[in-house]
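> One structure is given below, represented as structure tokens, and several questions about it will come after.
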Amino acid sequence: MHPQYPAHWEADVVLSDGGTAHVRPIRPDDAGMLRSFYSRLSAESIYFRYFGPRPRLTDKDVVWFTNVDYDNRVALIATIGTEMVAVVRYDRVQPRDHAEVAFLVEDAHQGRGLAAVLMEHLRAAARERGIKTFIADVLPGNHRMTGLFRQAGYTAQSQFEDGVVRMTLDLSSTETALEVRLAREHRAEARSIARLLTPESVAVIGASREPGGIGQTVLRNLLAADFTGPVYPVHRHVRAVAGVRAYRSVSAIDGEVDLAVLAVPAEGVLDLVVECAEKGVKGLVVVSSGFGETGQEGRARQEELVRIARAYGMRVVGPNCLGIANTDPAVRLNATLAATLPGRGRVGFFSQSGALGTALLQRVAQRGMGISTFVSAGNRADVSGNDLLQYWEEDPATDVILLYLESIGNPRKFTRLARRISRSKPIVVVKSRGVPGGHRAPVLALPDTALSSLFAQAGVIRVDDLVQLFDVAQLLAHQPLPAGPRVGVVGNSDALTLLAEEACAGAGLQPSPPVNLGAPAGAAEFAEALRSVLPEVDAVVAIYMPPIPGDCREVAEALLEVARESGKPVLATFQGALGMPADLRVGGGPGDDSPQRGSIPSYPAPEEAVRALAHVVRYAHWRRQPPGTVPSVEGIDTAAAREIVAAALRGEGAAAGEVAGEGASGGAAGEEREIDATALLACYGIEVWPAHLAAGAEEAVAAAERIGWPVVVKSADTEDARRAGTVRVGLTEPAGVRQAYADLAALHGPATPLAVQRMAPQPSVPTVVGVTQDRYFGGVVTFGLGEVTARLLGDQAYRLAPLTAEDAAELVRSVRAAPLLFGEYGYQAVAVEALEELLVRVGLLADALPEVARMDLDQVLVSASGVAVLGARAVLRPVTALRPDVGPRRLS
């Protein structure tokens, strides 16, 4: 029987030019594919690989190359369609952690990044098999291969001997290697979206003469937008649609086709995908329904759609989507079902909902915002919000990113990208709490409140609904970021200015006393008031409600002029309308080519303006903070921690017993196991104060004498110890210990074990620190206060591991009860710095040990002198699958 390879060694990948390929290990039945591949190679490529002419492969060669054991010998191939286009292999040599490596890329596909991505996957496979070093003998003239090794980001050495350059590559992970991988991923995914959004030609497949039909609607919208390239209707039975010559099939089209829009019944889509691939189409938009949203049969059809498309180098938007649009005058693409498309603007908009898409675009147009590009992903079978983030980061036409998300396919990647992109471009998100059935989406182990915390950590502005989405977008698209939370309120309505002031205070902003100009105030009064207020604040909310309806152009012009002079954000409630006069929404300052920068956003009510401003103030504060790095802390022994975890999961008696101690639980080796986390935390420099079990009052006294006075007596059960009145503290002599033991034994019953523990410094604030391991987010650190009220209210915050120093500081301050740690409400200020260091150490553990499914440090007492961890337990679980962001590049 032929050996099997791990399933995760197969992957769809994006190449450097935006096309796609499939990577997998070679198999014996690839013999014919290998011969065909070899026959297409140039003499130069063969010479560089074999150091001499080798016009053909013998039968023995083919057997040798296609039969590998996936351990000592591994070969990975890249395929596009039914053809092999590249192969990379290693052969283990002595010493056994070394292997020789070699590449071959078909000449027609060189320069597309195939060798680089195959190298990433081969390295990952080699590391799994215990190989630490690659060796390659390269001819001096083979600059592609020497360049590949030197640019990989790993430690490389070379020496010249006997006319050959021997290169040695250390496969250990480095920061440079990670940066190289992520940079390549970014460029490739951005280009794959650019190919979709900037096509030079579009075919609409299923464009019939039927009025109101989906295909004809897309076709008419393309024509109405005046798309700059040729548009090809495809229909088997008509000669023309909407006055444009129609073609019986995609293959019958005279010219090249970059983008194909499929608007045919779901049952016919797969055959058309193959036809598009043979035509050389670069991307697909599938507006047809009848896929994952319909059930198991539809999901299978959807998966096959993506498999075929990626195998042939195409990305897919949809299925069951509204379409895509690009307002760039050089493109003018409206390949959507929406007849109303906003004008040119600086906002990129991604929506997973096809049904909502039309209404969303209408709302954007009503507010006069405009868009740069729009993508409705529908079931999000392939192209996702992460792909669009990569594109918009580089797109000079996009300043603000809006996302309507129903699911997140790769959450950890999303937060990584968002954290980087939010430094230069704001990201505003509406995330629904449910997940539609058609989506390929993970089920997250985290509550929705955790998702909000992780968004905040990445600088993402999460809003509750679509109204807020556009409210915030208006402000970001039109006005500069505020420098702080100070807000001035100027208006001609006493009631509305007071409402605005109250809204500011409620939103955590700092309002200055409102300036009420009186009902008759006009342009001159508003201009003078704004000029006097703006120097003392960071933003102004202007409220203009004329007593008599009429032309208010002069007031609007005055507001706009002063706002531009100040360089500070100005918002308005202007006649209770959603926008200023239309001709005052456009035009920026000198040198500003944005069609809306400098306009004043207007809201129907001052509370809505303030709510939008509060979101932007928090974002601006986040953006002003340094990005931070994960601190280097002493006393970390990850190798020892991994040995403890492995021993516990194996169920080894001595090792597991040492870790678990009394109360450990767990079944056979490889199953979930609960342990005392004392030894595990010690590997990360965290001391857990020992609790000494006592079978009687005298044992409790003896334990107190050993550890030193004062002590506490409590239940050894963590849940019991949390309840009020179940802990006796501050015991300083034997009689007190005996009495405490008797009281608690009577309260809990003789079967409940009691424990004696050193008394923590007082006063102190009880807190709880934890770890949750989510398969898709990875390790997440949780924090909250241990007070009963805080627990009941679920006052808990979350941050993605590992934590920077800034993350730890924000985590502490993000719970509502945080003032108790800083000396407010009669509490004494405690050593918050020590608590933050503890959180950093726990974050390092959570990131390095994915087997730690859950861990609770309960309680952690924080006093003026430091922290005391009174107890800690962990649940270990074998890791059965890699997180989507771990390892080489792949399309998830």
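Residues are named by chain letter and number: chains run A, B, ... in the order of the structure tokens, numbers start at 1 in each chain, and ligands are numbered from 1 in the order shown.
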Quick one: everything within 7 Å of stretch 780-784 of chain A, counting only C-alpha atoms, minus sequence neighbours fewer than 4 positions away in the same chain. Send it as an MDAnalysis selection string.
chainID A and resid 767:773 795:801 811 815 843 846
> If DSSP is run on the backbone, what residues of stretch 718-822 of chain A are strand (DSSP E)? A reply as a PyMOL selection string would be ideal.
chain A and resi 727-731+754-758+764-774+778-785+796-800
> Any idea what the distance is between atom CA of A:Leu876 and atom CA of A:Leu803?
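Separating atom CA of A:Leu876 from atom CA of A:Leu803 is a distance of 21.3 Å.
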> Using only C-alpha atoms, which protein or nucleic acid residues come within 8 Å of A:Leu284? Drop anything in the same chain fewer than 2 positions from it, and give the result as a ChimeraX atom specification.
/A:196,259-262,281-282,286,314-317
> Rank nothing, just name the residue among A:Leu613, A:Ala817, A:Val164, A:Ala75 nearest to A:Asn142, using only C-alpha atoms.
A:Val164
> My list of candidates is A:Val202, A:Pro750, A:Val430, A:Val537. Which is closest to A:Gln510 when distances are computed with only C-alpha atoms?
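Checking each candidate against A:Gln510, we get A:Val537 as the closest.
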> Let's see if you can do this: from backbone DSSP, list all helix (DSSP H, G or I) residues in stretch 702-812 of chain A, as an MDAnalysis selection string.
chainID A and resid 702:707 718:722 734:748 788:792 805:812
> So that I can check the surroundings of stretch 17-22 of chain A, please list as a list of chain:residue names every protein, DNA and RNA residue that reaches within 6 Å of it, counting only C-alpha atoms and ignoring chain neighbours fewer than 3 positions away.
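The residues that qualify are A:Ala11, A:Asp12, A:Val13, A:Val14, A:Ala78, A:Thr79, A:Ile80, A:Arg112, A:Ala188, A:Arg191, A:Ser192, A:Arg310, A:Ala311, A:Gly313.
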> Please list as a VMD selection string every residue within 9 Å of stretch 333-346 of chain A, counting only C-alpha atoms and excluding residues in the same chain fewer than 3 positions away.
chain A and resid 197 to 199 202 204 214 to 215 217 to 228 261 285 287 321 to 329 357 to 359 361 to 366 368 to 373 375 to 376 396 to 401 477 594 to 597
> Using only C-alpha atoms, please write the residues we just selected to a file, as a PDB file, in the first residue's frame.

ATOM      1  CA  LEU A 197     -12.011  45.041 -10.254  1.00  0.00           C
ATOM      2  CA  THR A 198     -10.065  46.349 -13.248  1.00  0.00           C
ATOM      3  CA  PRO A 199     -11.038  44.067 -16.134  1.00  0.00           C
ATOM      4  CA  VAL A 202     -16.539  41.480 -19.431  1.00  0.00           C
ATOM      5  CA  VAL A 204     -22.284  38.298 -19.145  1.00  0.00           C
ATOM      6  CA  ILE A 214     -30.798  38.822 -13.864  1.00  0.00           C
ATOM      7  CA  GLY A 215     -28.395  38.525 -16.782  1.00  0.00           C
ATOM      8  CA  THR A 217     -30.033  43.553 -15.659  1.00  0.00           C
ATOM      9  CA  VAL A 218     -26.293  43.133 -15.178  1.00  0.00           C
ATOM     10  CA  LEU A 219     -25.708  43.749 -18.885  1.00  0.00           C
ATOM     11  CA  ARG A 220     -27.784  46.935 -18.933  1.00  0.00           C
ATOM     12  CA  ASN A 221     -26.044  48.219 -15.801  1.00  0.00           C
ATOM     13  CA  LEU A 222     -22.652  47.614 -17.402  1.00  0.00           C
ATOM     14  CA  LEU A 223     -23.711  49.520 -20.486  1.00  0.00           C
ATOM     15  CA  ALA A 224     -25.357  52.332 -18.515  1.00  0.00           C
ATOM     16  CA  ALA A 225     -22.175  52.845 -16.486  1.00  0.00           C
ATOM     17  CA  ASP A 226     -20.290  53.174 -19.801  1.00  0.00           C
ATOM     18  CA  PHE A 227     -17.786  50.430 -19.045  1.00  0.00           C
ATOM     19  CA  THR A 228     -14.569  51.310 -20.847  1.00  0.00           C
ATOM     20  CA  VAL A 261     -20.551  37.297 -14.803  1.00  0.00           C
ATOM     21  CA  VAL A 285     -18.789  36.832 -10.495  1.00  0.00           C
ATOM     22  CA  VAL A 287     -24.833  36.105  -9.126  1.00  0.00           C
ATOM     23  CA  CYS A 321     -24.172  37.836  -4.722  1.00  0.00           C
ATOM     24  CA  LEU A 322     -25.087  41.291  -6.015  1.00  0.00           C
ATOM     25  CA  GLY A 323     -21.863  41.775  -7.996  1.00  0.00           C
ATOM     26  CA  ILE A 324     -18.909  44.175  -8.100  1.00  0.00           C
ATOM     27  CA  ALA A 325     -18.350  47.798  -9.088  1.00  0.00           C
ATOM     28  CA  ASN A 326     -15.467  50.203  -9.681  1.00  0.00           C
ATOM     29  CA  THR A 327     -16.157  53.923 -10.155  1.00  0.00           C
ATOM     30  CA  ASP A 328     -12.664  54.689 -11.474  1.00  0.00           C
ATOM     31  CA  PRO A 329     -13.190  56.785 -14.657  1.00  0.00           C
ATOM     32  CA  GLY A 357     -26.622  45.252  -1.356  1.00  0.00           C
ATOM     33  CA  THR A 358     -29.000  47.333  -3.464  1.00  0.00           C
ATOM     34  CA  ALA A 359     -30.444  49.126  -0.428  1.00  0.00           C
ATOM     35  CA  LEU A 361     -25.762  51.344  -2.300  1.00  0.00           C
ATOM     36  CA  GLN A 362     -28.881  53.528  -2.406  1.00  0.00           C
ATOM     37  CA  ARG A 363     -28.140  54.765   1.120  1.00  0.00           C
ATOM     38  CA  VAL A 364     -24.574  55.614   0.181  1.00  0.00           C
ATOM     39  CA  ALA A 365     -25.815  57.576  -2.817  1.00  0.00           C
ATOM     40  CA  GLN A 366     -28.440  59.419  -0.726  1.00  0.00           C
ATOM     41  CA  GLY A 368     -23.569  61.889  -1.162  1.00  0.00           C
ATOM     42  CA  MET A 369     -20.569  59.847  -0.021  1.00  0.00           C
ATOM     43  CA  GLY A 370     -19.542  58.076  -3.186  1.00  0.00           C
ATOM     44  CA  ILE A 371     -17.462  54.913  -3.372  1.00  0.00           C
ATOM     45  CA  SER A 372     -14.188  53.824  -4.928  1.00  0.00           C
ATOM     46  CA  THR A 373     -15.083  50.148  -5.298  1.00  0.00           C
ATOM     47  CA  VAL A 375     -17.939  44.045  -3.736  1.00  0.00           C
ATOM     48  CA  SER A 376     -20.926  41.966  -2.687  1.00  0.00           C
ATOM     49  CA  PRO A 396      -4.727  55.069  -3.558  1.00  0.00           C
ATOM     50  CA  ALA A 397      -8.385  55.760  -4.414  1.00  0.00           C
ATOM     51  CA  THR A 398      -9.661  54.361  -1.096  1.00  0.00           C
ATOM     52  CA  ASP A 399      -9.387  56.250   2.207  1.00  0.00           C
ATOM     53  CA  VAL A 400     -12.138  54.572   4.262  1.00  0.00           C
ATOM     54  CA  ILE A 401     -13.150  50.892   4.358  1.00  0.00           C
ATOM     55  CA  ALA A 477     -14.776  60.420   4.508  1.00  0.00           C
ATOM     56  CA  SER A 594     -10.752  63.779  -3.140  1.00  0.00           C
ATOM     57  CA  PRO A 595     -14.216  64.753  -4.396  1.00  0.00           C
ATOM     58  CA  GLN A 596     -15.624  64.968  -0.851  1.00  0.00           C
ATOM     59  CA  ARG A 597     -12.798  65.807   1.528  1.00  0.00           C
TER      60      ARG A 597
END
> In Å, how far is it from atom CA of A:Glu189 to atom CA of A:Asp387?
5.9 Å
> With a distance cut-off of 12 Å and only C-alpha atoms, select the neighbouring residues of A:Glu106, excluding the residue or stretch itself and same-chain residues fewer than 5 positions from it, and output the selection as number ranges by chain.
A: 34, 36-46, 49, 77-80, 83-88, 111-115
> Can you tell me, as a PyMOL selection string, what residues are no more than 6 Å from stretch 129-140 of chain A when counting only C-alpha atoms, ignoring any on the same chain fewer than 2 positions away?
chain A and resi 97-101+126-127+142+164-171
> Got time to write the residues from that selection, all heavy atoms, as a CSV table (one decimal), in the first residue's frame?

chain,number,residue,atom,x,y,z
A,97,ASP,N,18.9,15.4,9.9
A,97,ASP,CA,18.0,16.6,9.9
A,97,ASP,C,18.4,17.5,8.7
A,97,ASP,O,18.0,18.7,8.7
A,97,ASP,CB,18.2,17.3,11.2
A,97,ASP,CG,19.6,17.8,11.5
A,97,ASP,OD1,20.5,17.5,10.8
A,97,ASP,OD2,19.8,18.5,12.6
A,98,HIS,N,19.1,17.0,7.7
A,98,HIS,CA,19.5,17.7,6.5
A,98,HIS,C,18.8,17.1,5.3
A,98,HIS,O,18.5,15.9,5.3
A,98,HIS,CB,21.0,17.7,6.3
A,98,HIS,CG,21.8,18.7,7.2
A,98,HIS,ND1,21.6,18.7,8.5
A,98,HIS,CD2,22.7,19.6,6.9
A,98,HIS,CE1,22.4,19.6,9.0
A,98,HIS,NE2,23.1,20.2,8.1
A,99,ALA,N,18.5,17.9,4.3
A,99,ALA,CA,17.9,17.3,3.1
A,99,ALA,C,18.4,18.2,1.9
A,99,ALA,O,18.5,19.4,2.0
A,99,ALA,CB,16.4,17.3,3.2
A,100,GLU,N,18.6,17.5,0.8
A,100,GLU,CA,18.9,18.2,-0.5
A,100,GLU,C,17.5,18.6,-1.1
A,100,GLU,O,16.6,17.9,-1.1
A,100,GLU,CB,19.7,17.3,-1.4
A,100,GLU,CG,21.1,17.0,-0.9
A,100,GLU,CD,21.9,16.2,-1.9
A,100,GLU,OE1,21.2,15.6,-2.8
A,100,GLU,OE2,23.1,16.1,-1.8
A,101,VAL,N,17.5,19.8,-1.7
A,101,VAL,CA,16.3,20.4,-2.3
A,101,VAL,C,16.6,20.8,-3.7
A,101,VAL,O,17.7,21.2,-4.1
A,101,VAL,CB,15.8,21.5,-1.4
A,101,VAL,CG1,16.8,22.7,-1.4
A,101,VAL,CG2,14.4,22.0,-1.9
A,126,ALA,N,8.9,19.7,5.6
A,126,ALA,CA,10.2,19.2,6.1
A,126,ALA,C,10.3,19.4,7.6
A,126,ALA,O,10.8,18.5,8.3
A,126,ALA,CB,11.3,20.0,5.4
A,127,ARG,N,9.8,20.6,8.1
A,127,ARG,CA,9.9,20.8,9.5
A,127,ARG,C,9.1,19.8,10.3
A,127,ARG,O,9.5,19.3,11.4
A,127,ARG,CB,9.4,22.2,9.8
A,127,ARG,CG,10.3,23.3,9.3
A,127,ARG,CD,11.4,23.7,10.2
A,127,ARG,NE,10.9,24.3,11.5
A,127,ARG,CZ,11.7,24.6,12.5
A,127,ARG,NH1,13.0,24.3,12.4
A,127,ARG,NH2,11.3,25.1,13.6
A,142,ASN,N,22.4,30.1,-12.5
A,142,ASN,CA,21.0,29.9,-12.1
A,142,ASN,C,20.6,31.0,-11.1
A,142,ASN,O,20.4,30.7,-9.9
A,142,ASN,CB,20.8,28.5,-11.6
A,142,ASN,CG,19.3,28.2,-11.5
A,142,ASN,OD1,18.4,29.0,-11.6
A,142,ASN,ND2,19.0,26.9,-11.2
A,164,VAL,N,30.3,24.7,-8.7
A,164,VAL,CA,28.9,24.7,-8.3
A,164,VAL,C,28.8,25.5,-7.0
A,164,VAL,O,29.7,25.5,-6.1
A,164,VAL,CB,28.5,23.2,-8.0
A,164,VAL,CG1,27.1,23.2,-7.3
A,164,VAL,CG2,28.4,22.4,-9.3
A,165,VAL,N,27.7,26.2,-6.8
A,165,VAL,CA,27.5,27.0,-5.6
A,165,VAL,C,26.6,26.1,-4.7
A,165,VAL,O,25.5,25.7,-5.0
A,165,VAL,CB,26.7,28.3,-5.8
A,165,VAL,CG1,26.4,29.0,-4.5
A,165,VAL,CG2,27.5,29.2,-6.8
A,166,ARG,N,27.2,25.7,-3.5
A,166,ARG,CA,26.4,25.0,-2.5
A,166,ARG,C,25.8,25.9,-1.5
A,166,ARG,O,26.5,26.6,-0.8
A,166,ARG,CB,27.3,23.9,-1.8
A,166,ARG,CG,26.7,23.3,-0.6
A,166,ARG,CD,27.2,22.0,-0.2
A,166,ARG,NE,26.7,21.0,-1.2
A,166,ARG,CZ,26.6,19.6,-0.9
A,166,ARG,NH1,27.0,19.2,0.3
A,166,ARG,NH2,26.2,18.8,-1.8
A,167,MET,N,24.5,25.9,-1.5
A,167,MET,CA,23.7,26.8,-0.6
A,167,MET,C,23.1,26.0,0.5
A,167,MET,O,22.6,24.9,0.3
A,167,MET,CB,22.6,27.6,-1.4
A,167,MET,CG,23.2,28.3,-2.6
A,167,MET,SD,22.0,29.6,-3.2
A,167,MET,CE,22.0,30.8,-1.9
A,168,THR,N,23.2,26.6,1.7
A,168,THR,CA,22.7,25.9,2.9
A,168,THR,C,21.7,26.9,3.5
A,168,THR,O,22.0,28.0,3.8
A,168,THR,CB,23.8,25.6,3.9
A,168,THR,OG1,24.8,24.8,3.3
A,168,THR,CG2,23.3,24.9,5.1
A,169,LEU,N,20.5,26.3,3.8
A,169,LEU,CA,19.4,27.2,4.3
A,169,LEU,C,18.9,26.6,5.6
A,169,LEU,O,18.5,25.5,5.7
A,169,LEU,CB,18.2,27.2,3.3
A,169,LEU,CG,17.1,28.2,3.6
A,169,LEU,CD1,17.6,29.6,3.3
A,169,LEU,CD2,15.9,27.9,2.6
A,170,ASP,N,19.0,27.4,6.7
A,170,ASP,CA,18.5,27.1,8.0
A,170,ASP,C,17.0,27.3,8.0
A,170,ASP,O,16.5,28.4,7.8
A,170,ASP,CB,19.2,27.9,9.1
A,170,ASP,CG,18.8,27.6,10.5
A,170,ASP,OD1,17.8,26.8,10.6
A,170,ASP,OD2,19.4,28.0,11.4
A,171,LEU,N,16.2,26.3,8.3
A,171,LEU,CA,14.8,26.3,8.2
A,171,LEU,C,14.1,26.9,9.4
A,171,LEU,O,12.9,27.0,9.5
A,171,LEU,CB,14.2,25.0,7.9
A,171,LEU,CG,14.7,24.3,6.6
A,171,LEU,CD1,13.9,23.0,6.3
A,171,LEU,CD2,14.5,25.2,5.4
